[in-house]
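Student: Sharing final22.pdb here; it has PDB, C-alpha atoms, pLDDT in the B column.
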ATOM      1  CA  MET R   1      56.227  87.166 121.019  1.00 58.00           C
ATOM      2  CA  HIS R   2      59.320  88.891 122.356  1.00 70.00           C
ATOM      3  CA  GLU R   3      58.765  92.038 120.279  1.00 66.00           C
ATOM      4  CA  ASP R   4      55.445  92.604 122.075  1.00 84.00           C
ATOM      5  CA  GLU R   5      57.491  93.204 125.221  1.00 90.00           C
ATOM      6  CA  VAL R   6      58.776  96.492 123.770  1.00 95.00           C
ATOM      7  CA  SER R   7      55.342  98.111 124.020  1.00 94.00           C
ATOM      8  CA  ARG R   8      55.344  97.463 127.791  1.00 94.00           C
ATOM      9  CA  LEU R   9      58.711  99.098 128.451  1.00 96.00           C
ATOM     10  CA  GLN R  10      59.321 102.451 130.100  1.00 96.00           C
ATOM     11  CA  PRO R  11      60.423 105.267 127.745  1.00 97.00           C
ATOM     12  CA  HIS R  12      64.035 105.225 128.982  1.00 97.00           C
ATOM     13  CA  GLU R  13      64.167 101.473 128.333  1.00 97.00           C
ATOM     14  CA  VAL R  14      62.814 102.005 124.821  1.00 98.00           C
ATOM     15  CA  ALA R  15      65.496 104.649 124.261  1.00 98.00           C
ATOM     16  CA  LEU R  16      68.223 102.286 125.457  1.00 97.00           C
ATOM     17  CA  LEU R  17      67.091  99.685 122.931  1.00 97.00           C
ATOM     18  CA  ARG R  18      66.798 102.225 120.115  1.00 97.00           C
ATOM     19  CA  ASP R  19      70.013 104.174 120.469  1.00 97.00           C
ATOM     20  CA  GLY R  20      71.992 103.159 123.508  1.00 96.00           C
ATOM     21  CA  PRO R  21      72.919 104.657 126.897  1.00 96.00           C
ATOM     22  CA  ARG R  22      73.059 108.316 125.912  1.00 96.00           C
ATOM     23  CA  ALA R  23      69.534 108.141 124.458  1.00 97.00           C
ATOM     24  CA  ALA R  24      68.263 106.596 127.694  1.00 98.00           C
ATOM     25  CA  VAL R  25      69.920 109.341 129.751  1.00 97.00           C
ATOM     26  CA  THR R  26      68.434 111.997 127.468  1.00 97.00           C
ATOM     27  CA  VAL R  27      64.924 110.657 128.106  1.00 98.00           C
ATOM     28  CA  VAL R  28      65.595 110.679 131.855  1.00 97.00           C
ATOM     29  CA  LEU R  29      66.886 114.270 131.729  1.00 97.00           C
ATOM     30  CA  VAL R  30      63.697 115.356 129.950  1.00 97.00           C
ATOM     31  CA  ALA R  31      61.629 113.447 132.532  1.00 96.00           C
ATOM     32  CA  LEU R  32      63.443 115.167 135.398  1.00 95.00           C
ATOM     33  CA  HIS R  33      62.910 118.532 133.737  1.00 96.00           C
ATOM     34  CA  LEU R  34      59.185 117.906 133.260  1.00 95.00           C
ATOM     35  CA  ARG R  35      58.935 117.049 136.956  1.00 93.00           C
ATOM     36  CA  GLY R  36      60.694 120.267 137.921  1.00 92.00           C
ATOM     37  CA  LEU R  37      63.790 118.524 139.270  1.00 93.00           C
ATOM     38  CA  VAL R  38      66.322 119.696 136.678  1.00 94.00           C
ATOM     39  CA  GLU R  39      66.813 123.027 134.909  1.00 94.00           C
ATOM     40  CA  PRO R  40      69.308 124.306 132.323  1.00 94.00           C
ATOM     41  CA  ASP R  41      72.177 126.347 133.685  1.00 92.00           C
ATOM     42  CA  ARG R  42      75.071 127.638 131.591  1.00 92.00           C
ATOM     43  CA  PRO R  43      74.956 126.602 127.917  1.00 92.00           C
ATOM     44  CA  GLY R  44      75.319 122.836 127.668  1.00 93.00           C
ATOM     45  CA  THR R  45      74.942 122.300 131.421  1.00 94.00           C
ATOM     46  CA  LEU R  46      72.199 121.377 133.858  1.00 95.00           C
ATOM     47  CA  ARG R  47      71.587 121.831 137.570  1.00 91.00           C
ATOM     48  CA  ALA R  48      69.546 119.720 139.929  1.00 90.00           C
ATOM     49  CA  VAL R  49      66.805 121.777 141.574  1.00 87.00           C
ATOM     50  CA  THR R  50      66.819 119.395 144.543  1.00 70.00           C
ATOM     51  CA  ALA R  51      69.766 117.701 146.211  1.00 58.00           C
ATOM     52  CA  ASP R  52      67.603 114.731 147.187  1.00 60.00           C
ATOM     53  CA  PRO R  53      67.588 112.075 144.428  1.00 57.00           C
ATOM     54  CA  THR R  54      64.396 110.547 145.852  1.00 57.00           C
ATOM     55  CA  ALA R  55      62.476 113.820 145.916  1.00 56.00           C
ATOM     56  CA  VAL R  56      59.290 114.329 143.945  1.00 54.00           C
ATOM     57  CA  THR R  57      57.382 117.524 143.354  1.00 50.00           C
ATOM     58  CA  ASP R  58      53.958 115.911 143.689  1.00 55.00           C
ATOM     59  CA  ALA R  59      52.998 113.138 146.096  1.00 53.00           C
ATOM     60  CA  ARG R  60      50.906 111.572 143.342  1.00 57.00           C
ATOM     61  CA  GLU R  61      53.983 111.023 141.185  1.00 66.00           C
ATOM     62  CA  PRO R  62      55.780 107.675 141.384  1.00 70.00           C
ATOM     63  CA  PRO R  63      59.296 107.490 142.838  1.00 78.00           C
ATOM     64  CA  LEU R  64      62.143 108.016 140.416  1.00 84.00           C
ATOM     65  CA  ALA R  65      63.389 104.976 138.537  1.00 89.00           C
ATOM     66  CA  PRO R  66      66.924 103.889 139.533  1.00 94.00           C
ATOM     67  CA  LEU R  67      68.377 105.531 136.411  1.00 96.00           C
ATOM     68  CA  GLY R  68      66.591 108.791 137.218  1.00 95.00           C
ATOM     69  CA  ALA R  69      67.940 108.812 140.759  1.00 93.00           C
ATOM     70  CA  ALA R  70      71.453 108.035 139.466  1.00 95.00           C
ATOM     71  CA  VAL R  71      71.291 110.865 136.917  1.00 95.00           C
ATOM     72  CA  LEU R  72      70.052 113.329 139.521  1.00 93.00           C
ATOM     73  CA  THR R  73      72.912 112.355 141.820  1.00 92.00           C
ATOM     74  CA  ALA R  74      75.413 112.585 138.942  1.00 94.00           C
ATOM     75  CA  LEU R  75      74.398 116.170 138.268  1.00 93.00           C
ATOM     76  CA  ARG R  76      75.869 117.083 141.643  1.00 88.00           C
ATOM     77  CA  ARG R  77      79.246 115.910 140.312  1.00 89.00           C
ATOM     78  CA  THR R  78      79.107 117.111 136.710  1.00 90.00           C
ATOM     79  CA  ALA R  79      76.845 119.749 135.205  1.00 91.00           C
ATOM     80  CA  ALA R  80      77.701 118.950 131.588  1.00 93.00           C
ATOM     81  CA  SER R  81      74.780 117.056 130.071  1.00 91.00           C
ATOM     82  CA  ARG R  82      77.000 115.067 127.692  1.00 90.00           C
ATOM     83  CA  LYS R  83      79.137 113.727 130.553  1.00 94.00           C
ATOM     84  CA  VAL R  84      76.272 112.392 132.660  1.00 96.00           C
ATOM     85  CA  ALA R  85      76.116 109.057 130.822  1.00 95.00           C
ATOM     86  CA  ARG R  86      79.774 108.418 131.795  1.00 95.00           C
ATOM     87  CA  ASP R  87      79.180 108.868 135.522  1.00 96.00           C
ATOM     88  CA  PRO R  88      79.951 105.584 137.383  1.00 96.00           C
ATOM     89  CA  ASP R  89      76.570 105.414 139.155  1.00 96.00           C
ATOM     90  CA  VAL R  90      74.734 106.124 135.893  1.00 97.00           C
ATOM     91  CA  ARG R  91      76.739 103.446 134.069  1.00 97.00           C
ATOM     92  CA  LEU R  92      75.856 100.949 136.788  1.00 97.00           C
ATOM     93  CA  ALA R  93      72.156 101.836 136.541  1.00 97.00           C
ATOM     94  CA  LEU R  94      72.310 101.424 132.772  1.00 97.00           C
ATOM     95  CA  ALA R  95      74.000  98.032 133.123  1.00 96.00           C
ATOM     96  CA  LEU R  96      71.321  96.877 135.556  1.00 96.00           C
ATOM     97  CA  MET R  97      68.631  98.014 133.119  1.00 96.00           C
ATOM     98  CA  ARG R  98      69.906  95.484 130.607  1.00 95.00           C
ATOM     99  CA  VAL R  99      69.270  92.509 132.890  1.00 94.00           C
ATOM    100  CA  PRO R 100      65.440  92.472 132.613  1.00 94.00           C
ATOM    101  CA  LEU R 101      65.658  93.411 128.924  1.00 95.00           C
ATOM    102  CA  ALA R 102      67.815  90.354 128.342  1.00 94.00           C
ATOM    103  CA  GLY R 103      65.391  88.271 130.387  1.00 93.00           C
ATOM    104  CA  ALA R 104      62.558  89.486 128.146  1.00 93.00           C
ATOM    105  CA  GLY R 105      64.421  88.169 125.094  1.00 93.00           C
ATOM    106  CA  LEU R 106      65.235  91.591 123.644  1.00 96.00           C
ATOM    107  CA  LEU R 107      69.036  91.547 123.948  1.00 95.00           C
ATOM    108  CA  THR R 108      71.534  89.187 122.382  1.00 92.00           C
ATOM    109  CA  TYR R 109      74.299  87.605 124.468  1.00 88.00           C
ATOM    110  CA  PRO R 110      77.156  88.131 125.078  1.00 87.00           C
ATOM    111  CA  MET R 111      77.230  91.788 123.956  1.00 86.00           C
ATOM    112  CA  LEU R 112      73.682  92.475 125.192  1.00 90.00           C
ATOM    113  CA  SER R 113      72.806  94.372 122.031  1.00 94.00           C
ATOM    114  CA  PRO R 114      69.221  94.691 120.678  1.00 95.00           C
ATOM    115  CA  ASN R 115      68.209  91.633 118.660  1.00 95.00           C
ATOM    116  CA  ARG R 116      65.798  91.163 115.792  1.00 94.00           C
ATOM    117  CA  ALA R 117      62.785  90.909 118.104  1.00 94.00           C
ATOM    118  CA  ALA R 118      63.725  94.224 119.746  1.00 96.00           C
ATOM    119  CA  ARG R 119      64.137  95.942 116.380  1.00 96.00           C
ATOM    120  CA  ARG R 120      60.773  94.638 115.162  1.00 96.00           C
ATOM    121  CA  GLY R 121      59.139  95.805 118.370  1.00 96.00           C
ATOM    122  CA  LEU R 122      60.698  99.261 118.025  1.00 97.00           C
ATOM    123  CA  ARG R 123      59.491  99.582 114.431  1.00 96.00           C
ATOM    124  CA  ALA R 124      55.962  98.616 115.452  1.00 96.00           C
ATOM    125  CA  LEU R 125      55.985 101.077 118.350  1.00 97.00           C
ATOM    126  CA  ARG R 126      57.326 103.870 116.142  1.00 97.00           C
ATOM    127  CA  ASP R 127      54.632 103.193 113.547  1.00 96.00           C
ATOM    128  CA  ALA R 128      51.985 103.332 116.270  1.00 96.00           C
ATOM    129  CA  HIS R 129      53.404 106.572 117.705  1.00 96.00           C
ATOM    130  CA  PRO R 130      54.529 108.920 114.905  1.00 97.00           C
ATOM    131  CA  LEU R 131      56.427 112.075 115.744  1.00 97.00           C
ATOM    132  CA  PRO R 132      54.047 114.700 117.207  1.00 96.00           C
ATOM    133  CA  ALA R 133      54.190 118.191 115.737  1.00 94.00           C
ATOM    134  CA  HIS R 134      53.943 119.858 119.161  1.00 93.00           C
ATOM    135  CA  ARG R 135      53.487 119.097 122.847  1.00 94.00           C
ATOM    136  CA  ARG R 136      49.931 120.373 123.136  1.00 92.00           C
ATOM    137  CA  ASP R 137      47.600 117.767 124.687  1.00 92.00           C
ATOM    138  CA  LEU R 138      50.449 115.292 125.208  1.00 96.00           C
ATOM    139  CA  THR R 139      50.844 113.644 128.586  1.00 95.00           C
ATOM    140  CA  GLU R 140      54.264 113.445 130.194  1.00 95.00           C
ATOM    141  CA  ASP R 141      54.481 109.755 129.240  1.00 95.00           C
ATOM    142  CA  ASP R 142      53.549 110.585 125.633  1.00 97.00           C
ATOM    143  CA  THR R 143      56.279 113.224 125.500  1.00 98.00           C
ATOM    144  CA  LEU R 144      58.908 110.882 126.910  1.00 97.00           C
ATOM    145  CA  LEU R 145      57.910 108.042 124.583  1.00 98.00           C
ATOM    146  CA  ALA R 146      58.190 110.387 121.594  1.00 98.00           C
ATOM    147  CA  VAL R 147      61.710 111.394 122.678  1.00 98.00           C
ATOM    148  CA  ALA R 148      62.591 107.731 123.192  1.00 98.00           C
ATOM    149  CA  LEU R 149      61.347 106.744 119.732  1.00 98.00           C
ATOM    150  CA  HIS R 150      62.297 109.777 117.640  1.00 98.00           C
ATOM    151  CA  GLY R 151      65.330 111.236 119.401  1.00 97.00           C
ATOM    152  CA  GLU R 152      66.553 114.662 118.355  1.00 97.00           C
ATOM    153  CA  ALA R 153      63.543 115.352 116.115  1.00 97.00           C
ATOM    154  CA  ALA R 154      61.238 114.954 119.118  1.00 98.00           C
ATOM    155  CA  LEU R 155      63.481 117.118 121.300  1.00 98.00           C
ATOM    156  CA  ARG R 156      63.286 119.913 118.747  1.00 97.00           C
ATOM    157  CA  ALA R 157      59.513 119.599 118.380  1.00 97.00           C
ATOM    158  CA  LEU R 158      58.486 119.079 122.004  1.00 97.00           C
ATOM    159  CA  VAL R 159      61.082 120.617 124.340  1.00 97.00           C
ATOM    160  CA  PRO R 160      63.194 122.791 122.019  1.00 96.00           C
ATOM    161  CA  ARG R 161      64.270 125.458 124.488  1.00 96.00           C
ATOM    162  CA  PHE R 162      65.257 123.027 127.221  1.00 97.00           C
ATOM    163  CA  ALA R 163      67.043 120.707 124.785  1.00 97.00           C
ATOM    164  CA  LEU R 164      69.034 123.543 123.227  1.00 96.00           C
ATOM    165  CA  ARG R 165      70.049 125.201 126.495  1.00 95.00           C
ATOM    166  CA  ALA R 166      70.930 121.861 128.084  1.00 95.00           C
ATOM    167  CA  GLY R 167      73.117 120.846 125.136  1.00 95.00           C
ATOM    168  CA  LEU R 168      70.915 117.915 124.124  1.00 96.00           C
ATOM    169  CA  THR R 169      70.561 119.323 120.605  1.00 94.00           C
ATOM    170  CA  PRO R 170      73.268 121.165 118.670  1.00 90.00           C
ATOM    171  CA  ARG R 171      73.042 124.880 118.097  1.00 79.00           C
ATOM    172  CA  ALA R 172      72.159 125.988 114.579  1.00 65.00           C
ATOM    173  CA  ARG R 173      75.157 126.528 112.361  1.00 55.00           C
ATOM    174  CA  VAL R 174      75.284 130.147 111.276  1.00 48.00           C
ATOM    175  CA  ALA R 175      78.518 130.166 109.299  1.00 49.00           C
ATOM    176  CA  GLY R 176      80.877 127.828 107.520  1.00 51.00           C
ATOM    177  CA  PRO R 177      84.512 127.204 108.414  1.00 49.00           C
ATOM    178  CA  TYR R 178      85.699 130.100 106.266  1.00 46.00           C
ATOM    179  CA  LEU R 179      85.565 133.279 108.335  1.00 45.00           C
ATOM    180  CA  VAL R 180      85.944 136.643 106.599  1.00 45.00           C
ATOM    181  CA  ARG R 181      86.814 139.606 108.785  1.00 46.00           C
ATOM    182  CA  HIS R 182      86.015 142.227 106.156  1.00 49.00           C
ATOM    183  CA  PRO R 183      83.575 141.982 103.232  1.00 47.00           C
ATOM    184  CA  PRO R 184      84.975 142.362  99.724  1.00 48.00           C
ATOM    185  CA  ARG R 185      84.988 145.880  98.302  1.00 51.00           C
ATOM    186  CA  GLY R 186      81.623 146.758  96.957  1.00 50.00           C
ATOM    187  CA  GLY R 187      79.996 143.934  98.945  1.00 47.00           C
ATOM    188  CA  ASP R 188      78.215 143.763 102.267  1.00 46.00           C
ATOM    189  CA  SER R 189      78.360 141.483 105.280  1.00 40.00           C
ATOM    190  CA  THR R 190      75.026 139.878 104.401  1.00 40.00           C
ATOM    191  CA  SER R 191      76.325 138.687 101.050  1.00 39.00           C
ATOM    192  CA  VAL R 192      79.483 137.339 102.672  1.00 35.00           C
ATOM    193  CA  VAL R 193      77.529 135.292 105.213  1.00 34.00           C
ATOM    194  CA  ARG R 194      75.249 134.008 102.478  1.00 36.00           C
ATOM    195  CA  HIS R 195      78.236 133.156 100.265  1.00 34.00           C
ATOM    196  CA  TYR R 196      80.062 131.237 102.969  1.00 31.00           C
ATOM    197  CA  TRP R 197      76.975 129.650 104.594  1.00 31.00           C
ATOM    198  CA  ASP R 198      78.068 126.100 103.882  1.00 37.00           C
ATOM    199  CA  GLY R 199      81.781 126.701 103.614  1.00 37.00           C
ATOM    200  CA  SER R 200      81.819 126.045  99.875  1.00 37.00           C
ATOM    201  CA  GLY R 201      80.416 129.228  98.406  1.00 38.00           C
ATOM    202  CA  GLY R 202      76.914 127.774  98.144  1.00 38.00           C
ATOM    203  CA  THR R 203      73.706 128.467  99.996  1.00 34.00           C
ATOM    204  CA  GLY R 204      73.720 125.300 102.095  1.00 37.00           C
ATOM    205  CA  GLY R 205      70.021 124.705 101.461  1.00 34.00           C
ATOM    206  CA  ASP R 206      68.258 121.357 101.661  1.00 38.00           C
TER     207      ASP R 206
END
What does the file become when written as structure tokens?

Tutor:
Amino acid sequence: MHEDEVSRLQPHEVALLRDGPRAAVTVVLVALHLRGLVEPDRPGTLRAVTADPTAVTDAREPPLAPLGAAVLTALRRTAASRKVARDPDVRLALALMRVPLAGAGLLTYPMLSPNRAARRGLRALRDAHPLPAHRRDLTEDDTLLAVALHGEAALRALVPRFALRAGLTPRARVAGPYLVRHPPRGGDSTSVVRHYWDGSGGTGGD
């Protein structure tokens, strides 16, 4: 069955099926980071540790996938993590990724969007691989598959510092849109922050 093909895909291919190009690029950025090829720089930006897109840190590691090489090259042109998916070489690599996925019967023509078989396969894979609570004892492939299947929740659980510094997850909101320069008479700054936490005078709790 076509949905069985999903379980044989690479994590970045799974991410492309689940949530589109940006999700696939996110998985690749995490993969490059785990291999020591990419590090966070200024908030929301990344830098390539090596200028060679074919470089590997360990001879036992496989060569980078075409999307990984394209992303690494793109980081020489733009450091902003959220702009990488719009780089021309990255967009070409993403388009080429869709060709074998379509051939496997997982994309619907002419828009090449995930079809019912792909969605069933993703559900089955997600059920078989629930979100891990932490990265301990996970292999690199396990980590990348979790990010591919669970997105931001996996980033926060498995690579929180990298994801936050690289701009892959949003920073925590510490105040609402109503900013008060001075606390009311008889009040304190703590009560003001608590009062305006969600911008409506409430606590903003779940």

Student: Out of R:Thr108, R:Thr45, R:Ser81, R:Ser113, which residue has the shortest atom-to-atom distance to R:Arg18 when counting all atoms listed in the file?

Tutor: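 Smallest separation from R:Arg18 among the options: R:Ser113.
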
Student: What does the distance between atom CA of R:Thr26 and atom CA of R:Arg136 come to in Å, to one decimal place?

Tutor: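 About the pair atom CA of R:Thr26 and atom CA of R:Arg136: they are 20.8 Å apart.
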
Student: Output the residue selection produced by the PyMOL selection byres ((chain R and resi 76) around 12) on the file above, formatted as a list in words.

Tutor: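 When the PyMOL selection byres ((chain R and resi 76) around 12) is applied, the selected residues are Val38, Thr45, Leu46, Arg47, Ala48, Val49, Thr50, Ala51, Asp52, Pro53, Ala69, Ala70, Val71, Leu72, Thr73, Ala74, Leu75, Arg77, Thr78, Ala79, Ala80, Ser81, Val84, Asp87 and Asp89 of chain R.
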
Student: Give me the stretch 62-139 of chain R side of the contact with stretch 146-168 of chain R, cut-off 9 Å, one line per residue showing its nearest atom pair and distance in Å at one decimal, counting all atoms listed in the file, sorted by chain and residue number, as a tab-separated table.

Tutor:
residue	atom	partner	partner_atom	distance
R:Ala80	CA	R:Gly167	CA	8.1
R:Ser81	CA	R:Gly167	CA	6.4
R:Arg82	CA	R:Gly167	CA	7.4
R:Leu122	CA	R:Leu149	CA	7.7
R:Leu125	CA	R:Leu149	CA	7.9
R:Arg126	CA	R:Leu149	CA	6.1
R:His129	CA	R:Ala146	CA	7.3
R:Pro130	CA	R:Ala146	CA	7.8
R:Leu131	CA	R:Ala146	CA	6.3
R:Pro132	CA	R:Ala146	CA	7.4
R:Ala133	CA	R:Ala157	CA	6.1
R:His134	CA	R:Leu158	CA	5.4
R:Arg135	CA	R:Leu158	CA	5.1
R:Arg136	CA	R:Leu158	CA	8.7

Student: For the structure provided, state which residues fall under the PyMOL selection byres ((chain R and resi 121) around 12), and present them as a list in words.

Tutor: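 Checking the PyMOL selection byres ((chain R and resi 121) around 12) against this file, the residues are Met1, His2, Glu3, Asp4, Glu5, Val6, Ser7, Arg8, Leu9, Val14, Leu17, Arg18, Gly105, Leu106, Pro114, Asn115, Arg116, Ala117, Ala118, Arg119, Arg120, Leu122, Arg123, Ala124, Leu125, Arg126, Asp127, Ala128 and Leu149 of chain R.
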
Student: I'd like the box whose edges run along x, y and z of the file and which contains every listed atom of stretch 99-109 of chain R, padded by 3 Å per side; could you state its centre and edge lengths in Å, one decimal, as JSON?

Tutor:
{"center_x": 68.4, "center_y": 90.5, "center_z": 127.6, "size_x": 17.7, "size_y": 11.8, "size_z": 16.5}

Student: Tell me, in Å to one decimal, how far atom CA of R:Pro43 is from atom CA of R:Ala24.

Tutor: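 Those two atoms sit 21.1 Å apart.
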
Student: Counting all atoms listed in the file, which residues have an atom no more than 12 Å from (70.9, 98.3, 125.4) in the file's coordinates? Please list them as number ranges by chain.

Tutor: R: 12-25, 91, 93-102, 106-115, 118-119

Student: So, with all atoms listed in the file as the atoms that count, which of R:Gly36, R:Pro11, R:Gly44, R:Pro66 lies closest to R:Thr169?

Tutor: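 Checking each of R:Gly36, R:Pro11, R:Gly44, R:Pro66 against R:Thr169, counting all atoms listed in the file, the winner is R:Gly44.
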
Student: Give me, please, the distance in Å between atom CA of R:Gly68 and atom CA of R:Glu140, quoted to one decimal.

Tutor: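 Between atom CA of R:Gly68 and atom CA of R:Glu140 the gap works out to 14.9 Å.
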